[in-house]
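Student: My structure is below; once you've seen it, I'll send some questions.
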Amino acid sequence: MAQFGYTMMTEQAGPRSLVEHVVAAERAGFDFSVTSDHYFPWLDSQGHAPQAWSVLGAAAQATSSIPLMTYVTCPTCRYHPAVVAQMAVTLQELSEGRFRLGLGSGENLNEHVVGAGWPAASVRLDMLEEAVEIIAALFDGGYVNRHGRHFSVDRARLWDLPATRVPIGVAVSGPRSCDLAGRLADLVIATEPERELLDSFDRLGGAGKPRMGQLPVCYDDDRDAAVERAHQQFRWSVGGWKVNSELPDPTAFAQATTYVRPDDMAEAVPCGNDIGEFVRAVRRFTDAGFTELALVQIGGAHQLPFLRWAERELLPALREI
């Protein structure tokens, strides 16, 4: 049976609200939670971007049982991988073993802020592989020295290693990232229900490991209002990964999605309160072989009504799949 998670989307709510929402998600019965790690929202209409790791620290103390995870952190530009490793083991201690570290190659939207430029996709994957190796070595304990092509580590050591090693997830979008994930990750992460990605992950060392997806939804008793909200705040999502990883700021995303219509969003995202529509969208992931699926409710001000509905109607229906 698949597990279903709740997304703390930092682009659409402030830090205190995010913690309130994950507390409510735990109460509603979600199996796990994930947190985006952004410096910018995708669109100005989303309106937020608090520091994800600070939010996770607060969430670890405000909740008692729901697992936590970054979905995903880029450990190459804004953060040095040695610092990511330290943040991860600290979260693991604070959450008493409930944390998983999701990693990916990142987006220009968030990583350009440190002024180091935005590398080509092939270079980003080289950097990610090196970063995952550094983080894993630090999780092993002891001192780590490394002078690689992209990163140097000088006598780094994690002094507060948790009893439960932090599992590492890697986001994939093609053969190269599937190879990296299959060799180095404890679980695979993808945003599209593509069985081919999971098959590649299995062939390259990932067989038997968890595979996690993510699905945006827009619950509202007024379906037209849900479609309009999805269009206003989530139309960036139809651009595809190759586009979304390259654009530099919310203005660029607004320009790139000028011709996306509300009807396009209604086709791409379950909107309204028809349980059948939501279940059909989820089935695309479970039929593809995903074992975990994190839902993203669109609209920061619409989380608590969604969570009440999910507890009452959506989660029981999904657990019948």
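Residues in the structure tokens are numbered from 1 in each chain, the chains being A, B, ... in the order shown, and ligands are numbered from 1 in the order shown.
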Report as a Markdown table the residues of stretch 20-111 of chain A within 12 Å of stretch 304-316 of chain A, each with its shortest atom pair and distance in Å (one decimal), using only C-alpha atoms, ordered by chain and increasing residue number.
Tutor:
| residue | atom | partner | partner_atom | distance |
| --- | --- | --- | --- | --- |
| A:Glu20 | CA | A:Leu304 | CA | 9.0 |
| A:His21 | CA | A:Leu304 | CA | 6.8 |
| A:Val22 | CA | A:Leu307 | CA | 9.6 |
| A:Val23 | CA | A:Leu304 | CA | 10.4 |
| A:Ala24 | CA | A:Leu307 | CA | 6.9 |
| A:Ala25 | CA | A:Leu307 | CA | 6.3 |
| A:Glu26 | CA | A:Leu307 | CA | 9.6 |
| A:Arg27 | CA | A:Glu311 | CA | 8.5 |
| A:Ala28 | CA | A:Glu311 | CA | 4.8 |
| A:Gly29 | CA | A:Glu311 | CA | 6.6 |
| A:Phe30 | CA | A:Leu315 | CA | 7.8 |
| A:Asp31 | CA | A:Leu315 | CA | 9.9 |
Student: Just checking: using only C-alpha atoms, which residue out of A:Leu295, A:Leu125, A:Val166, A:Ala49 ends up closest to A:Leu180?
Tutor: A:Leu125
Student: Using only C-alpha atoms, what does the table of stretch 176-240 of chain A residues within 12 Å of stretch 72-94 of chain A look like, with each row giving the shortest atom pair and its distance in Å to one decimal, sorted by chain and ascending number, as a tab-separated table?
Tutor:
residue	atom	partner	partner_atom	distance
A:Val188	CA	A:Val72	CA	11.4
A:Ile189	CA	A:Val72	CA	8.8
A:Ala190	CA	A:Val72	CA	10.4
A:Thr191	CA	A:Val72	CA	11.0
A:Met212	CA	A:Val72	CA	11.7
A:Gly213	CA	A:Val72	CA	11.7
A:Gln214	CA	A:Val72	CA	11.3
Student: Using C-alpha atoms, can you write the selected residues to a file as a PDB file, in the first residue's frame?
Tutor:
ATOM      1  CA  VAL A 188      14.405   8.032  -5.476  1.00  0.00           C
ATOM      2  CA  ILE A 189      12.365  11.218  -5.973  1.00  0.00           C
ATOM      3  CA  ALA A 190      10.465  12.249  -9.115  1.00  0.00           C
ATOM      4  CA  THR A 191       7.730  14.745  -9.921  1.00  0.00           C
ATOM      5  CA  MET A 212       8.519   9.074  -3.963  1.00  0.00           C
ATOM      6  CA  GLY A 213       6.448  11.328  -6.197  1.00  0.00           C
ATOM      7  CA  GLN A 214       4.631  14.623  -5.750  1.00  0.00           C
TER       8      GLN A 214
END
Student: Against stretch 99-114 of chain A, which residues of stretch 145-204 of chain A fall within 9 Å? For each one I want the closest pair of atoms and the distance in Å (one decimal), counting only C-alpha atoms, rows by chain and increasing residue number, as a tab-separated table.
Tutor:
residue	atom	partner	partner_atom	distance
A:Val166	CA	A:Arg100	CA	5.6
A:Pro167	CA	A:Arg100	CA	5.1
A:Ile168	CA	A:Leu101	CA	4.9
A:Gly169	CA	A:Gly102	CA	4.5
A:Val170	CA	A:Leu103	CA	4.9
A:Ala171	CA	A:Gly104	CA	5.0
A:Val172	CA	A:Gly104	CA	7.7
A:Leu187	CA	A:Gly102	CA	8.7
A:Val188	CA	A:Gly102	CA	8.8
A:Ile189	CA	A:Gly102	CA	7.7
Student: Would you mind telling me which residue in A:Arg280, A:Lys242, A:His231, A:Arg149 lies nearest to A:Tyr259 when using only C-alpha atoms?
Tutor: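 Checking each of A:Arg280, A:Lys242, A:His231, A:Arg149 against A:Tyr259, counting only C-alpha atoms, the winner is A:His231.
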Student: Can you list, as a ChimeraX atom specification, every protein, DNA or RNA residue that comes within 10 Å of A:Ser17 when you count only C-alpha atoms, leaving out same-chain residues fewer than 4 positions away?
Tutor: /A:8,10,12-13,21-23,55,300-301,303
Student: Please identify all polymer residues within 9 Å of A:Ser95, counting only C-alpha atoms, omitting same-chain residues fewer than 3 positions from it, and present them as a VMD selection string.
Tutor: chain A and resid 57 59 to 61 63 to 65 67 to 68 90 to 92 98 to 99
Student: In Å, rounded to a single decimal, give me how far atom CA of A:Gly97 is from atom CA of A:Gly5.
Tutor: 17.2 Å
Student: Which one is closest to A:Glu96: A:Thr164, A:Arg176, A:Arg261, A:Asn273? Count only C-alpha atoms.
Tutor: A:Thr164
Student: Please report, as CSV, each residue of stretch 15-92 of chain A lying at most 12 Å from stretch 235-240 of chain A, together with the nearest pair of atoms and the separation in Å rounded to one decimal; use only C-alpha atoms, and order rows by chain and ascending residue number.
Tutor:
residue,atom,partner,partner_atom,distance
A:Pro41,CA,A:Trp236,CA,10.4
A:Trp42,CA,A:Trp236,CA,6.7
A:Leu43,CA,A:Trp236,CA,7.4
A:Asp44,CA,A:Trp236,CA,11.1
A:Ser45,CA,A:Arg235,CA,10.8
A:Gln46,CA,A:Trp236,CA,11.0
